[in-house]
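Input: a single structure, listed below in C-alpha cells.
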Amino acid sequence: MGSRNVLVVGSGGREYALCLALERSSSVASVIVAPGSAGMSTRWKCYDIKTLDHTALLSLVDREKLDLVVIGPEAPVVEGLVDTLQQHGVAAYGPSAAAARLEASKVFSKKFSQRYGIPTAPFQVFTNPTAARTYVRRLDRAPVIKANGLCAGKGVVVSESIEHALSAVDAILERRAFGDAGAAIVIEERIAGEEMSIQVMCDGERMLVLPSAQDHKRLGDGDVGANTGGMGAYSPVPLMTKALEEKVRKQILEPTIKGMQEEGQPFRGTLFAGLMITPKGDPYLLEFNVRFGDPEVQATLPLLDGDFAEACYQCAKGELQPDVLRIANKHALCVVLASHGYPGSVRTGDRILGIKEAEAVPGVTVIHAGTRKIEDEVVTGGGRVLNVVGVADTLQEARDRAYEACGKISFDGMHYRKDIGARALKAVG
Ligand code: AMP
Ligand code: GLY
C-alpha cells in the first residue's frame, strides 16, 4: 500500500469512478470524499462540505494530511478551488480558474480556437438581441445558439428552424433564462456527423491521451426523446482510428495546450474535447470541458493500467511522464439506470434490488450515482441512479456483460437505454 492520502471533490457517478481508480493506485493509502453521497459513504469516508467552502476544505486538507485533491465537477474549478489549494501548497488535479474559461466561457473558447486555427464551426458573438435576430434572419440554415456561461448542460439550442433559433435568442438574451450566463451568446453553424469525445490529462505542457468515448445524450433508444445528462457511454470508439486520433491531436489538442501555455494560462487537469467527426472524417471541436465527462469517464478509467493517482499528482505538479499510465487493449461500456420521471422531475426513495447479483457478473462494476441508504436498504436518490459498467476484451462482450448485469437490478420506475454501443457494433460488423 502506498502513502498518499487523496480527497475527491464531488458526489456523482463520475466521482465514484474516480474514487475506484484512485483506490486501485499503488501510491494511495486512503481516499476520502467531499461532499460525496450516500452510495459513496458505504465505501469511503464522506465529509459534508460544500465545494465552494474553501476554508472548510483547506482545514480538511490539514486535518487529514492530504497529499492530493482530485476535483470532479466544473463548478469548483471555475470558482478557483485549484488556485486556492495550490496556493496552500497542496497538489490539486484540475485547471486554474483562468484556464477553466475554456469551458466556463463559450465566447472565450470559440475565440481561442479561432486564434489557434483549431477547426470549429464558424460563429458570431452577440450581446444585443436585435443584432442577433437580424443575423439569424439572414441565415440559410438553422444555427446552434449557445449561452456564453455555465448552464448545467442546458445552455445550447441546436435549432430546428430559423423561428426556433429566434425564440432561443429571445429566451437567452432577452428574457435571460440563464441569468448572466446568457449575457452573451454564440451563434454558430450546425455541423453534421458523428459525435464523440477525447479526454486528455495535462500538466500544462505535456499530455496523456485517454481512449475515445461516446456518450448517448438522448433519453430514448435510437437517439430520440429529451436531452439528458448522458444515458450511457462506451470506450474506445471504433470510428476513432489511430489516424483520426492523430488528426485530433495535431489539429485540436496540441494547439490548445500550446496556446494556453503561450497565453500564460497553462492548462493542467482534464481537457475534454467534444468532437463532431464529419462524414469526410474531419474532426471539429464542438466544446471543451475542463473535467472528466460523466458518464464517459466511467467507461474510460477501467481501460487504464498503472497508477492513476500518480498521473493526477504529476499533472498537478507540472511533471507528467506520459508513460505513467498504459492503455489496456480492452473495451468498456456503461449503462445508466435512471429513476422514474428522469430527466423531468424525478421520484426518489424507490427500493433498489439486485446490486450484489449484478456485481457478480464477471467484469462488471456497479457505480452509485444517485442512491440513498435508508436503514439497510439502498433506495433511489436522484435522476441517474446507478451506472453499470462492463469490461471485456471486445465491445460486444463488454456490452453483453453490462446488460446482463442491468437485468439483475430492479426498482420501481427504473428505465435505461437498451442500445448503448449498438450503432458502433453495427459499424464494425
Ligand atoms: P456543447 O455544450 O457546446 O457541446 O453543446 C451541447 C451539444 O449540442 C453537443 O454535445 C452537440 O450534440 C450539440 N452541438 C453543439 N454545437 C454543435 C454544432 N456546431 N453542430 C451540431 N451540434 C452541435
Ligand atoms: N457527458 C458529457 C459531459 O460530461 O459533459
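Letters for chains follow the order of the C-alpha cells (A, B, ...), residue numbers begin at 1 for each chain, and ligand numbers begin at 1 in the order shown.
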Shell of 6 Å around ligand 2 (only C-alpha atoms and all ligand atoms), written as a list in words: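 With only C-alpha atoms and all ligand atoms and a cut-off of 6 Å, ligand 2 is contacted by Asp215, Gly230, Gly293, Asp294, Pro295 and Glu296 of chain A.
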Go ahead and write the selection's residues with N, CA, C and O atoms as a CSV table (one decimal), in the first residue's frame.
chain,number,residue,atom,x,y,z
A,215,ASP,N,-20.8,9.2,-25.7
A,215,ASP,CA,-22.0,9.4,-24.8
A,215,ASP,C,-23.2,9.1,-25.6
A,215,ASP,O,-23.2,9.2,-26.8
A,230,GLY,N,-26.7,12.2,-19.9
A,230,GLY,CA,-26.0,11.1,-20.5
A,230,GLY,C,-26.6,9.8,-20.0
A,230,GLY,O,-26.6,9.6,-18.8
A,293,GLY,N,-15.6,13.6,-18.4
A,293,GLY,CA,-17.0,13.5,-18.8
A,293,GLY,C,-17.7,12.5,-17.9
A,293,GLY,O,-17.2,11.5,-17.5
A,294,ASP,N,-19.0,12.8,-17.7
A,294,ASP,CA,-19.9,11.9,-16.9
A,294,ASP,C,-21.0,11.5,-17.9
A,294,ASP,O,-21.8,12.4,-18.3
A,295,PRO,N,-21.2,10.3,-18.4
A,295,PRO,CA,-20.6,9.0,-18.0
A,295,PRO,C,-19.4,8.5,-18.7
A,295,PRO,O,-19.0,7.4,-18.6
A,296,GLU,N,-18.7,9.4,-19.6
A,296,GLU,CA,-17.6,8.9,-20.4
A,296,GLU,C,-16.5,8.3,-19.5
A,296,GLU,O,-15.9,7.3,-19.9
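Around stretch 116-129 of chain A, within 8 Å and counting only C-alpha atoms, the residues found are Val107, Lys110, Phe112, Ser113, Ala132, Arg133, Val169, Asp170, Leu173, Glu174, Ala183, Ala184, Ile185, Val186, Ile187, Glu188, Glu189, Arg190, Ile191, Gln251, Ile252, Pro255, Thr256, Gly259, Pro283, Tyr284, Leu285 and Leu286 of chain A, once anything fewer than 3 positions away on its own chain is removed.
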If we count only C-alpha atoms, what is near A:Val324 at a cut-off of 7 Å, once residues fewer than 6 positions away on the same chain are taken out, given as a PyMOL selection string? chain A and resi 306-307+311
Filtering to N, CA, C and O atoms, could you give me those residues as a PDB file, in the first residue's frame?
ATOM      1  N   GLY A 306      -1.964   1.085 -14.508  1.00  0.00           N
ATOM      2  CA  GLY A 306      -0.926   1.936 -13.917  1.00  0.00           C
ATOM      3  C   GLY A 306      -1.504   2.699 -12.751  1.00  0.00           C
ATOM      4  O   GLY A 306      -2.631   2.448 -12.306  1.00  0.00           O
ATOM      5  N   ASP A 307      -0.734   3.676 -12.277  1.00  0.00           N
ATOM      6  CA  ASP A 307      -1.081   4.388 -11.055  1.00  0.00           C
ATOM      7  C   ASP A 307      -1.792   5.703 -11.412  1.00  0.00           C
ATOM      8  O   ASP A 307      -1.148   6.718 -11.699  1.00  0.00           O
ATOM      9  N   ALA A 311      -0.541   9.723 -11.807  1.00  0.00           N
ATOM     10  CA  ALA A 311      -0.731  10.531 -13.029  1.00  0.00           C
ATOM     11  C   ALA A 311      -1.369  11.875 -12.667  1.00  0.00           C
ATOM     12  O   ALA A 311      -0.944  12.929 -13.160  1.00  0.00           O
TER      13      ALA A 311
END
Can you list, as a count of residues only, all residues belonging to stretch 179-422 of chain A that DSSP tags as strand (DSSP E or B)? 88
Need to verify the contact set: A:Leu60, 10 Å, only C-alpha atoms, exclusion of same-chain residues closer than 4 positions in sequence. Can you return it as a PyMOL selection string? chain A and resi 7+34+47+49+54-56+64-66
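With only C-alpha atoms as the atoms that count, the minimum distance from A:Asn329 to the choices A:Asp393, A:Arg347, A:Cys19, A:Ala422 is reached by A:Asp393.
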Just the number, please: distance in Å from atom CA of A:Cys202 to atom CA of A:Thr270, one decimal.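 About the pair atom CA of A:Cys202 and atom CA of A:Thr270: they are 6.2 Å apart.
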Could you tell me which of A:Arg176, A:Lys154, A:Arg291, A:Lys247 comes closest to ligand 1 if we count only C-alpha atoms and all ligand atoms? A:Lys154
Quick one: distance from atom CA of A:Arg4 to atom CA of A:Leu85 in Å, one decimal? 16.4 Å
Step one, run DSSP on the backbone; step two, keep only residues of stretch 28-107 of chain A assigned to helix (DSSP H, G or I); then write them as a PyMOL selection string. chain A and resi 38-41+54-63+74-78+81-87+101-104+106-107
Shell of 6 Å around A:Ala213, only C-alpha atoms, local chain residues under 4 positions omitted, as a PyMOL selection string: chain A and resi 196-197+234-237+296
For stretch 315-320 of chain A, work out the shell of residues within 8 Å, counting only C-alpha atoms and skipping chain neighbours fewer than 5 positions away, then give it as a list of chain:residue names.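 Result of the neighbour search: A:Ala91, A:Ala92, A:Tyr93, A:Gly94, A:Met201, A:Cys202, A:Asp203, A:Gly204, A:Glu205, A:Arg206, A:Met207, A:Arg268, A:Gly269.
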